[in-house]
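Dropping final_2.csv in here (CSV, C-alpha atoms and all ligand atoms):
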```csv
chain,number,residue,atom,x,y,z
X,1,MET,CA,20.0,24.3,12.7
X,2,GLN,CA,16.3,24.0,12.1
X,3,SER,CA,14.4,20.8,11.9
X,4,VAL,CA,12.3,20.5,8.8
X,5,ARG,CA,9.2,18.4,8.4
X,6,TYR,CA,7.8,18.0,4.9
X,7,LYS,CA,4.1,18.2,4.8
X,8,ARG,CA,3.8,15.3,2.4
X,9,THR,CA,4.7,12.1,4.3
X,10,GLU,CA,6.0,10.5,1.2
X,11,TRP,CA,8.9,13.0,1.1
X,12,ASN,CA,9.8,13.1,4.7
X,13,THR,CA,11.9,10.1,5.5
X,14,ILE,CA,14.5,10.5,2.7
X,15,ARG,CA,14.6,14.3,2.6
X,16,VAL,CA,14.9,14.9,6.3
X,17,ILE,CA,17.6,12.2,6.6
X,18,LYS,CA,19.5,13.8,3.7
X,19,ARG,CA,19.2,17.2,5.4
X,20,LYS,CA,20.4,15.9,8.7
X,21,LEU,CA,23.4,14.3,7.0
X,22,VAL,CA,24.3,17.6,5.5
X,23,ASN,CA,24.1,19.2,8.9
X,24,PHE,CA,26.1,16.4,10.5
X,25,ARG,CA,28.9,16.9,8.0
X,26,SER,CA,28.9,20.6,8.7
X,27,GLY,CA,29.7,19.9,12.3
X,28,TYR,CA,26.3,20.2,14.0
X,29,ASP,CA,25.0,17.7,16.6
X,30,VAL,CA,22.2,15.7,15.1
X,31,CYS,CA,19.5,13.7,16.9
X,32,PRO,CA,17.6,10.9,15.2
X,33,THR,CA,14.9,11.9,12.8
X,34,VAL,CA,13.3,8.4,12.6
X,35,LEU,CA,12.6,6.4,15.8
X,36,ASP,CA,11.7,2.8,15.5
X,37,ILE,CA,9.6,1.5,18.4
X,38,HIS,CA,9.3,-2.2,19.1
X,39,PRO,CA,6.0,-2.5,21.1
X,40,VAL,CA,6.5,-6.2,21.5
X,41,LYS,CA,9.5,-8.5,21.8
X,42,ASN,CA,9.7,-12.0,20.4
X,43,THR,CA,5.9,-12.7,20.1
X,44,CYS,CA,4.2,-12.9,16.7
X,45,ASN,CA,0.9,-14.4,15.4
X,46,LEU,CA,2.8,-15.8,12.4
X,47,ASP,CA,6.0,-17.8,11.9
X,48,CYS,CA,7.3,-16.7,8.4
X,49,GLN,CA,9.9,-18.9,6.8
X,50,TRP,CA,12.0,-15.8,6.0
X,51,CYS,CA,11.6,-14.0,9.3
X,52,ILE,CA,15.0,-12.5,10.4
X,53,GLY,CA,14.0,-13.0,14.1
X,54,ARG,CA,12.9,-16.6,13.6
X,55,ASN,CA,15.5,-18.2,15.8
X,56,SER,CA,15.4,-15.5,18.5
X,57,ILE,CA,15.7,-16.8,22.0
X,58,GLU,CA,14.8,-13.6,23.7
X,59,THR,CA,12.3,-13.4,26.6
X,60,ALA,CA,8.9,-12.3,25.3
X,61,GLU,CA,7.9,-8.8,26.4
X,62,PHE,CA,5.3,-6.2,25.8
X,63,MET,CA,6.3,-2.5,26.1
X,64,LYS,CA,4.4,-0.5,28.7
X,65,TRP,CA,2.8,2.8,27.7
X,66,GLU,CA,3.4,4.5,31.1
X,67,LYS,CA,7.1,3.9,30.7
X,68,LEU,CA,7.2,4.9,27.0
X,69,LYS,CA,5.4,8.1,27.9
X,70,GLN,CA,8.2,8.9,30.3
X,71,VAL,CA,10.7,8.4,27.5
X,72,PHE,CA,8.7,10.5,25.1
X,73,ASP,CA,8.4,13.3,27.7
X,74,ARG,CA,12.2,13.3,27.8
X,75,ILE,CA,12.4,13.5,23.9
X,76,PHE,CA,9.5,15.9,23.1
X,77,ILE,CA,10.7,18.8,25.3
X,78,PRO,CA,9.3,22.1,23.9
X,79,GLU,CA,12.7,23.8,24.1
X,80,GLN,CA,14.3,21.1,21.9
X,81,LYS,CA,11.7,21.2,19.2
X,82,MET,CA,14.4,21.5,16.5
X,83,HIS,CA,15.8,18.1,17.5
X,84,TRP,CA,12.5,16.2,17.7
X,85,PRO,CA,12.1,13.1,15.6
X,86,SER,CA,9.9,13.8,12.6
X,87,GLU,CA,8.8,10.2,12.2
X,88,VAL,CA,8.0,7.2,14.5
X,89,HIS,CA,7.7,3.7,13.1
X,90,TYR,CA,6.0,0.9,15.0
X,91,CYS,CA,7.7,-2.4,13.9
X,92,GLY,CA,9.6,-5.4,15.2
X,93,HIS,CA,12.1,-7.9,13.9
X,94,ASN,CA,10.8,-10.9,15.8
X,95,SER,CA,7.4,-9.6,16.8
X,96,GLU,CA,4.1,-8.1,15.5
X,97,PRO,CA,3.7,-4.5,16.8
X,98,LEU,CA,-0.1,-4.4,16.6
X,99,LEU,CA,-0.4,-7.2,19.3
X,100,ASN,CA,0.2,-4.3,21.8
X,101,HIS,CA,-3.0,-2.4,21.2
X,102,ASP,CA,-3.0,-0.1,24.1
X,103,LEU,CA,0.6,1.0,23.7
X,104,VAL,CA,0.1,1.6,19.9
X,105,ILE,CA,-3.1,3.6,20.3
X,106,ASN,CA,-2.0,5.7,23.3
X,107,SER,CA,1.4,6.6,21.9
X,108,MET,CA,-0.1,7.4,18.5
X,109,LYS,CA,-2.4,9.9,20.2
X,110,TYR,CA,0.5,11.4,22.1
X,111,LEU,CA,2.7,11.7,18.9
X,112,LYS,CA,-0.1,13.1,16.7
X,113,SER,CA,-0.3,16.0,19.1
X,114,LYS,CA,3.4,16.7,18.4
X,115,ASP,CA,2.9,16.6,14.6
X,116,VAL,CA,5.0,13.5,14.2
X,117,ILE,CA,4.5,11.3,11.1
X,118,LEU,CA,3.4,7.8,12.1
X,119,SER,CA,4.1,4.6,10.4
X,120,ILE,CA,3.1,1.0,11.2
X,121,ILE,CA,4.8,-2.0,9.7
X,122,THR,CA,2.5,-5.0,10.3
X,123,ASN,CA,1.5,-8.4,9.0
X,124,GLY,CA,-2.1,-7.0,8.9
X,125,ILE,CA,-3.8,-9.7,10.9
X,126,CYS,CA,-4.7,-7.4,13.9
X,127,LEU,CA,-6.1,-4.6,11.7
X,128,GLU,CA,-9.6,-6.2,11.8
X,129,LYS,CA,-9.6,-5.9,15.7
X,130,TYR,CA,-8.3,-2.3,15.6
X,131,LEU,CA,-11.2,-1.4,13.2
X,132,GLU,CA,-13.7,-3.1,15.5
X,133,LYS,CA,-12.5,-1.1,18.5
X,134,GLY,CA,-12.6,2.4,16.9
X,135,ASN,CA,-11.1,4.8,14.5
X,136,GLU,CA,-7.7,5.4,16.1
X,137,ILE,CA,-6.0,3.3,13.5
X,138,TYR,CA,-6.5,6.2,11.1
X,139,LEU,CA,-4.0,8.2,13.1
X,140,VAL,CA,-1.3,6.4,11.2
X,141,ASP,CA,0.1,8.1,8.1
X,142,LYS,CA,1.9,5.2,6.5
X,143,LEU,CA,0.5,1.7,6.8
X,144,SER,CA,2.7,-1.0,5.5
X,145,VAL,CA,1.4,-4.5,5.4
X,146,SER,CA,3.8,-7.4,4.8
X,147,LEU,CA,1.6,-9.8,3.0
X,148,ASP,CA,4.4,-11.7,1.2
X,149,VAL,CA,2.2,-14.3,-0.5
X,150,VAL,CA,-0.9,-14.1,-2.7
X,151,ASN,CA,-2.9,-17.2,-1.8
X,152,ASP,CA,-4.0,-19.0,1.3
X,153,ALA,CA,-2.2,-22.2,0.6
X,154,HIS,CA,1.1,-20.3,0.6
X,155,PHE,CA,0.0,-18.2,3.6
X,156,LYS,CA,-0.5,-21.4,5.6
X,157,GLU,CA,2.6,-23.2,4.3
X,158,PHE,CA,5.1,-20.4,4.5
X,159,LYS,CA,3.7,-18.0,7.2
X,160,LYS,CA,2.1,-20.5,9.5
X,161,PRO,CA,-0.7,-18.4,11.1
X,162,LYS,CA,-1.3,-19.4,14.7
X,163,ALA,CA,-5.0,-18.6,14.5
X,164,ASP,CA,-7.7,-19.0,11.8
X,165,THR,CA,-7.2,-16.1,9.3
X,166,SER,CA,-6.9,-15.6,5.6
X,167,ILE,CA,-5.5,-13.2,3.0
X,168,ASP,CA,-9.0,-12.1,2.2
X,169,SER,CA,-9.6,-10.9,5.7
X,170,ILE,CA,-6.4,-8.8,5.7
X,171,LEU,CA,-7.4,-7.4,2.3
X,172,LYS,CA,-10.9,-6.5,3.7
X,173,SER,CA,-9.2,-4.5,6.5
X,174,ILE,CA,-7.0,-2.6,4.0
X,175,GLU,CA,-10.0,-1.9,1.8
X,176,THR,CA,-12.0,-0.6,4.7
X,177,ILE,CA,-9.2,1.7,5.8
X,178,ASN,CA,-8.7,3.0,2.2
X,179,ARG,CA,-12.5,3.5,1.8
X,180,ASN,CA,-12.8,5.6,5.0
X,181,LYS,CA,-9.5,7.4,5.1
X,182,ASP,CA,-10.8,10.6,3.5
X,183,LYS,CA,-13.1,11.0,6.5
X,184,HIS,CA,-10.3,10.4,9.1
X,185,ASN,CA,-6.9,11.1,7.5
X,186,PRO,CA,-6.8,11.9,3.8
X,187,GLY,CA,-2.9,11.8,3.8
X,188,LEU,CA,-2.8,8.1,4.9
X,189,THR,CA,-1.0,6.0,2.3
X,190,THR,CA,-1.0,2.2,2.2
X,191,PHE,CA,1.9,-0.1,1.2
X,192,VAL,CA,1.7,-3.8,0.7
X,193,THR,CA,5.0,-5.7,0.5
X,194,PHE,CA,6.0,-9.2,-0.7
X,195,VAL,CA,8.9,-11.5,-0.4
X,196,ALA,CA,9.4,-13.3,-3.7
X,197,THR,CA,10.7,-16.9,-3.2
X,198,PRO,CA,11.1,-19.7,-5.7
X,199,GLY,CA,8.4,-21.6,-3.7
X,200,THR,CA,5.8,-18.8,-3.8
X,201,TYR,CA,6.3,-16.6,-6.8
X,202,ALA,CA,4.3,-17.0,-10.0
X,203,LYS,CA,4.2,-14.1,-12.5
X,204,GLN,CA,0.6,-14.2,-13.7
X,205,GLU,CA,-0.9,-15.0,-10.3
X,206,TRP,CA,1.1,-12.1,-8.7
X,207,ALA,CA,0.2,-9.7,-11.6
X,208,ASP,CA,-3.5,-10.5,-11.1
X,209,PHE,CA,-3.1,-9.9,-7.4
X,210,PHE,CA,-1.5,-6.5,-7.9
X,211,VAL,CA,-4.5,-5.4,-9.9
X,212,ARG,CA,-6.7,-6.4,-7.0
X,213,LEU,CA,-4.5,-4.4,-4.6
X,214,LYS,CA,-4.8,-1.3,-6.9
X,215,ASP,CA,-8.6,-1.8,-7.0
X,216,ILE,CA,-8.8,-1.6,-3.2
X,217,GLY,CA,-6.8,1.6,-3.1
X,218,VAL,CA,-3.3,0.4,-2.1
X,219,ASN,CA,-0.8,3.1,-3.1
X,220,HIS,CA,2.5,1.2,-3.1
X,221,VAL,CA,3.4,-2.4,-3.8
X,222,ARG,CA,7.0,-3.5,-3.1
X,223,VAL,CA,8.5,-6.9,-3.9
X,224,ARG,CA,11.8,-7.8,-2.5
X,225,ASN,CA,14.1,-10.8,-2.5
X,226,ASP,CA,14.4,-13.3,0.4
X,227,TYR,CA,17.7,-12.5,2.1
X,228,THR,CA,18.3,-16.1,2.8
X,229,CYS,CA,18.0,-17.3,-0.9
X,230,PHE,CA,20.9,-16.5,-3.2
X,231,ASP,CA,19.4,-17.7,-6.5
X,232,LYS,CA,20.5,-14.6,-8.5
X,233,ASP,CA,19.0,-15.9,-11.9
X,234,PHE,CA,15.6,-16.4,-10.2
X,235,TYR,CA,15.7,-12.8,-8.9
X,236,ASN,CA,16.8,-11.4,-12.3
X,237,ASP,CA,13.7,-13.0,-13.8
X,238,VAL,CA,11.5,-11.6,-10.9
X,239,LYS,CA,13.0,-8.1,-11.5
X,240,ASN,CA,12.2,-8.2,-15.2
X,241,ASP,CA,8.7,-9.5,-14.5
X,242,ILE,CA,7.9,-6.8,-12.0
X,243,GLN,CA,9.2,-4.1,-14.4
X,244,GLN,CA,7.0,-5.5,-17.2
X,245,ILE,CA,3.9,-5.8,-14.9
X,246,ALA,CA,4.5,-2.3,-13.7
X,247,LYS,CA,4.5,-1.1,-17.3
X,248,GLU,CA,1.4,-3.0,-18.2
X,249,MET,CA,-0.4,-1.5,-15.1
X,250,ASP,CA,1.0,1.9,-16.0
X,251,ALA,CA,2.6,2.0,-12.6
X,252,ASP,CA,6.0,3.7,-12.1
X,253,CYS,CA,8.6,2.8,-9.5
X,254,ILE,CA,8.0,4.6,-6.3
X,255,SER,CA,8.1,8.3,-6.8
X,256,TYR,CA,8.4,10.7,-3.9
X,257,SER,CA,7.8,13.8,-6.0
X,258,ARG,CA,4.1,13.4,-6.8
X,259,ASN,CA,0.9,12.3,-5.2
X,260,PRO,CA,0.8,8.5,-4.9
X,261,PRO,CA,-1.9,6.9,-7.0
X,262,PHE,CA,-0.2,3.5,-7.5
X,263,ASP,CA,3.4,2.4,-7.7
X,264,LEU,CA,4.9,-1.0,-8.1
X,265,GLU,CA,8.6,-1.6,-7.4
X,266,TYR,CA,11.1,-4.5,-7.0
X,267,LYS,CA,13.8,-3.9,-4.5
X,268,GLU,CA,16.8,-6.2,-4.1
X,269,PHE,CA,19.1,-6.4,-1.2
X,270,TRP,CA,22.0,-8.8,-0.6
X,271,PRO,CA,23.6,-8.9,2.8
X,272,ARG,CA,27.3,-8.0,2.5
X,273,ASN,CA,30.1,-10.1,4.1
X,274,GLU,CA,32.4,-7.2,4.8
X,275,LYS,CA,31.7,-4.9,7.8
X,276,CYS,CA,30.4,-1.3,7.4
X,277,ARG,CA,33.1,1.3,8.0
X,278,HIS,CA,30.6,3.3,10.0
X,279,CYS,CA,27.0,3.3,11.1
X,280,PHE,CA,24.6,6.2,11.1
X,281,GLY,CA,21.8,4.2,12.8
X,282,LEU,CA,22.1,5.8,16.2
X,283,ARG,CA,22.4,9.3,14.8
X,284,LEU,CA,19.6,9.2,12.2
X,285,TRP,CA,17.3,6.2,12.6
X,286,CYS,CA,17.6,4.4,15.9
X,287,THR,CA,15.4,1.8,17.6
X,288,ILE,CA,13.9,1.5,21.1
X,289,SER,CA,13.3,-2.1,22.0
X,290,ALA,CA,10.4,-3.3,24.0
X,291,ASP,CA,12.6,-3.4,27.1
X,292,PHE,CA,13.6,0.3,26.6
X,293,ARG,CA,17.1,-0.1,25.4
X,294,LEU,CA,18.4,2.1,22.7
X,295,TYR,CA,20.0,0.4,19.7
X,296,SER,CA,21.4,1.6,16.4
X,297,CYS,CA,19.0,-0.3,14.2
X,298,ALA,CA,16.0,-2.6,14.3
X,299,HIS,CA,18.1,-5.6,13.3
X,300,VAL,CA,20.3,-5.4,16.4
X,301,ALA,CA,17.6,-4.5,18.9
X,302,SER,CA,17.9,-7.7,20.9
X,303,GLN,CA,19.7,-9.1,24.0
X,304,LEU,CA,22.3,-10.5,21.7
X,305,TYR,CA,23.7,-7.0,21.1
X,306,LYS,CA,24.9,-4.3,23.4
X,307,PRO,CA,22.6,-1.2,23.5
X,308,LEU,CA,24.1,2.3,23.5
X,309,VAL,CA,22.1,3.1,26.7
X,310,ASP,CA,19.4,1.7,28.9
X,311,LEU,CA,16.5,4.1,28.8
X,312,ASN,CA,15.1,2.6,32.0
X,313,GLU,CA,17.8,4.5,33.7
X,314,ASN,CA,16.2,7.9,33.1
X,315,ASN,CA,18.8,9.0,30.7
X,316,ASP,CA,18.2,12.5,29.4
X,317,TRP,CA,17.7,12.1,25.7
X,318,TYR,CA,19.6,15.3,24.8
X,319,ASP,CA,22.5,14.4,27.1
X,320,ILE,CA,22.8,11.1,25.1
X,321,TYR,CA,22.9,13.0,21.8
X,322,LEU,CA,24.2,16.5,22.1
X,323,GLU,CA,28.0,17.0,22.1
X,324,ARG,CA,28.7,13.3,22.3
X,325,ASN,CA,31.8,11.8,20.8
X,326,ASN,CA,30.9,10.5,17.4
X,327,ASP,CA,32.9,7.4,17.8
X,328,ASP,CA,30.2,6.1,20.1
X,329,PHE,CA,27.7,6.5,17.4
X,330,GLU,CA,29.6,5.5,14.3
X,331,ARG,CA,32.1,2.8,15.3
X,332,LYS,CA,30.7,0.9,18.3
X,333,PRO,CA,27.6,-0.5,16.6
X,334,VAL,CA,29.8,-1.7,13.7
X,335,GLU,CA,32.1,-3.5,16.1
X,336,LEU,CA,29.1,-5.2,17.8
X,337,CYS,CA,26.9,-6.2,14.8
X,338,ASP,CA,27.3,-8.5,11.9
X,339,GLY,CA,26.7,-5.7,9.3
X,340,HIS,CA,23.4,-7.0,7.9
X,341,CYS,CA,21.9,-3.5,7.9
X,342,PRO,CA,18.2,-2.7,7.1
X,343,SER,CA,18.0,-1.5,3.5
X,344,THR,CA,18.0,2.3,4.1
X,345,MET,CA,20.8,2.1,6.6
X,346,TYR,CA,22.7,-0.2,4.2
X,347,TYR,CA,22.8,2.6,1.7
X,348,LEU,CA,23.5,5.4,4.2
X,349,ASN,CA,26.4,3.4,5.7
X,350,HIS,CA,28.2,3.4,2.4
X,351,ALA,CA,30.8,6.2,2.1
X,352,GLU,CA,29.8,6.8,-1.6
X,353,VAL,CA,26.3,7.8,-0.4
X,354,LEU,CA,27.7,10.3,1.9
X,355,ASP,CA,30.1,11.7,-0.7
X,356,GLY,CA,27.1,12.4,-2.9
X,357,VAL,CA,25.2,14.3,-0.3
J,401,LIG,S1,5.1,-11.4,10.6
J,401,LIG,FE1,7.2,-10.5,10.8
J,401,LIG,S2,7.9,-10.8,12.9
J,401,LIG,FE2,6.1,-12.2,12.5
J,401,LIG,S3,7.1,-14.1,11.9
J,401,LIG,FE3,6.6,-12.9,10.0
J,401,LIG,S4,8.4,-11.8,9.5
J,401,LIG,FE4,8.6,-12.5,11.6
J,402,LIG,S1,23.5,-3.7,11.1
J,402,LIG,FE1,24.1,-1.9,10.0
J,402,LIG,S2,22.7,-0.3,10.7
J,402,LIG,FE2,22.5,-2.0,12.2
J,402,LIG,S3,24.1,-1.5,13.8
J,402,LIG,FE3,25.1,-2.8,12.2
J,402,LIG,S4,26.1,-1.3,10.8
J,402,LIG,FE4,24.5,-0.2,12.0
```
Have the structure of the file written as structure tokens, please.
Ligand code: SF4
Ligand code: SF4
Amino acid sequence: MQSVRYKRTEWNTIRVIKRKLVNFRSGYDVCPTVLDIHPVKNTCNLDCQWCIGRNSIETAEFMKWEKLKQVFDRIFIPEQKMHWPSEVHYCGHNSEPLLNHDLVINSMKYLKSKDVILSIITNGICLEKYLEKGNEIYLVDKLSVSLDVVNDAHFKEFKKPKADTSIDSILKSIETINRNKDKHNPGLTTFVTFVATPGTYAKQEWADFFVRLKDIGVNHVRVRNDYTCFDKDFYNDVKNDIQQIAKEMDADCISYSRNPPFDLEYKEFWPRNEKCRHCFGLRLWCTISADFRLYSCAHVASQLYKPLVDLNENNDWYDIYLERNNDDFERKPVELCDGHCPSTMYYLNHAEVLDGV
């Protein structure tokens, strides 16, 4: 089995996962292709109303680069190149990853030398500081900024910044990155994401804002529902609005088959009540928490759940993965979690998806 990396970062996530699933179903051992890293635990510079980690009672923690390097050295072994992850995402479910500047920059340099695709999912506030400190932020290939709202009044009311900041200053950072990316990393694409809620959404105001984002070089805009709001009529209207706005802006839904000039898409996700039959998180898209425990997805990477292993204990990455009983990977996470999977895992964990591969 050969690991494949697609040159165009837009293609990589879905295509490599699909390919790994085919290999898995053919009886090969498969190691995760996407690695989520949580550089920070339970510390954020915002307090968003819809944050899934809002009520977290975990101890705050910052991941240490020296320790992460030891873990990476056990993953990126030259003889195991065919099993290396092809993408690493810096994110967090109750934390802002960019608060850990040294870890993010040092680890991005390490991973870039291994040809890994790098993604950051951030609220955007720290980008200004990163740009002041140097050009390393341009090492990232996919920069996703969760802006969620389009005006400062809503920013203050629904996201409660802990320091003085504004939407304009976040947009300024995104604009700077887009303006200079040809010099540093022409393949870099930028995403801006929104959570539509009855309290924040207004069609014309959001449509005008999307035009502004397009003007500053943003490639993808995604609007999603608030997982805690079940007003389906409201979301039907939002969906129709976004489709209409996309048409007016001549913007398709996200296309992975062409260069991304500008896309606008609405994505809906309703948590299910019934449990998943199996979970492919540990096999395909796992999470290393700030305290170096290995979990099956970002949503369960906390002390409330049981990790598969503790990476502090010098576990050999390939002993964890190769020739391991699949029950550990597929069933145990499902027994331990409440089944509210992140959106990609939600689809992968459905049998119908697998049947179509
Ligand atoms: S920025 Fe993200 S982690 Fe921080 S409060 Fe908002 S949703 Fe939660
Ligand atoms: S929430 Fe979904 S993806 Fe996460 S561990 Fe549970 S079944 Fe797996």
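Between atom CA of Tyr201 of chain X and atom CA of Leu188 of chain X lies a distance of 28.8 Å.
A distance search around ligand LIG 402 (chain J) (6 Å at most, all atoms listed in the file) returns the following protein and nucleic acid residues: Cys276, Cys279, Gly281, Ser296, Cys297, His299, Val300, Pro333, Val334, Cys337, Gly339, His340, Cys341 and Met345 of chain X.
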Please find the residues contacting ligand LIG 401 (chain J) at a distance of at most 7 Å between atoms, with only C-alpha atoms and all ligand atoms counted, and report them as a ChimeraX atom specification. /X:44-48,50-54,92-96,122-123,159
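Closest approach to Leu139 of chain X among X:Asn312, X:Arg324, X:Ile177, X:Ala163: X:Ile177, based on only C-alpha atoms.
Distance check against Gln70 of chain X using only C-alpha atoms: of X:Asp319, X:Glu330, X:Asp102, X:Glu313, the minimum falls on X:Glu313.
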Just the residues within 12 Å of Pro198 of chain X, please, counting only C-alpha atoms, with nothing from its chain fewer than 6 positions along; format it as JSON, numbers by chain. {"X": [149, 154, 158, 225, 226, 228, 229, 230, 231, 232, 233, 234, 235, 237, 238]}
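With distances restricted to all atoms listed in the file, X:Val40 is the closest residue to His101 of chain X from X:Val140, X:Cys31, X:Val195, X:Val40.
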Listed atoms of segment 18-21 of chain X boxed axis-aligned with 4 Å per side, centre + edges as JSON:
```
{"center_x": 21.3, "center_y": 15.5, "center_z": 6.2, "size_x": 12.2, "size_y": 11.4, "size_z": 13.0}
```
So that I can see what lies close to Ile320 of chain X, please list as number ranges by chain the residues with an atom at most 12 Å from it, counting only C-alpha atoms and leaving out residues fewer than 2 positions away in the same chain. X: 29-32, 74-75, 282-283, 294, 308-311, 313-318, 322-326, 328-329
Just want the 12 Å neighbourhood of Glu128 of chain X, counted on only C-alpha atoms, with same-chain residues fewer than 6 positions away dropped. Output as a JSON list (two decimals) with C-alpha atoms, in the coordinates of the input.
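Saved result, result-v8.json, follows:
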```json
[["chain", "number", "residue", "atom", "x", "y", "z"],
["X", 98, "LEU", "CA", -0.10, -4.40, 16.60],
["X", 99, "LEU", "CA", -0.40, -7.20, 19.30],
["X", 134, "GLY", "CA", -12.60, 2.40, 16.90],
["X", 135, "ASN", "CA", -11.10, 4.80, 14.50],
["X", 137, "ILE", "CA", -6.00, 3.30, 13.50],
["X", 165, "THR", "CA", -7.20, -16.10, 9.30],
["X", 166, "SER", "CA", -6.90, -15.60, 5.60],
["X", 167, "ILE", "CA", -5.50, -13.20, 3.00],
["X", 168, "ASP", "CA", -9.00, -12.10, 2.20],
["X", 169, "SER", "CA", -9.60, -10.90, 5.70],
["X", 170, "ILE", "CA", -6.40, -8.80, 5.70],
["X", 171, "LEU", "CA", -7.40, -7.40, 2.30],
["X", 172, "LYS", "CA", -10.90, -6.50, 3.70],
["X", 173, "SER", "CA", -9.20, -4.50, 6.50],
["X", 174, "ILE", "CA", -7.00, -2.60, 4.00],
["X", 175, "GLU", "CA", -10.00, -1.90, 1.80],
["X", 176, "THR", "CA", -12.00, -0.60, 4.70],
["X", 177, "ILE", "CA", -9.20, 1.70, 5.80]]
```
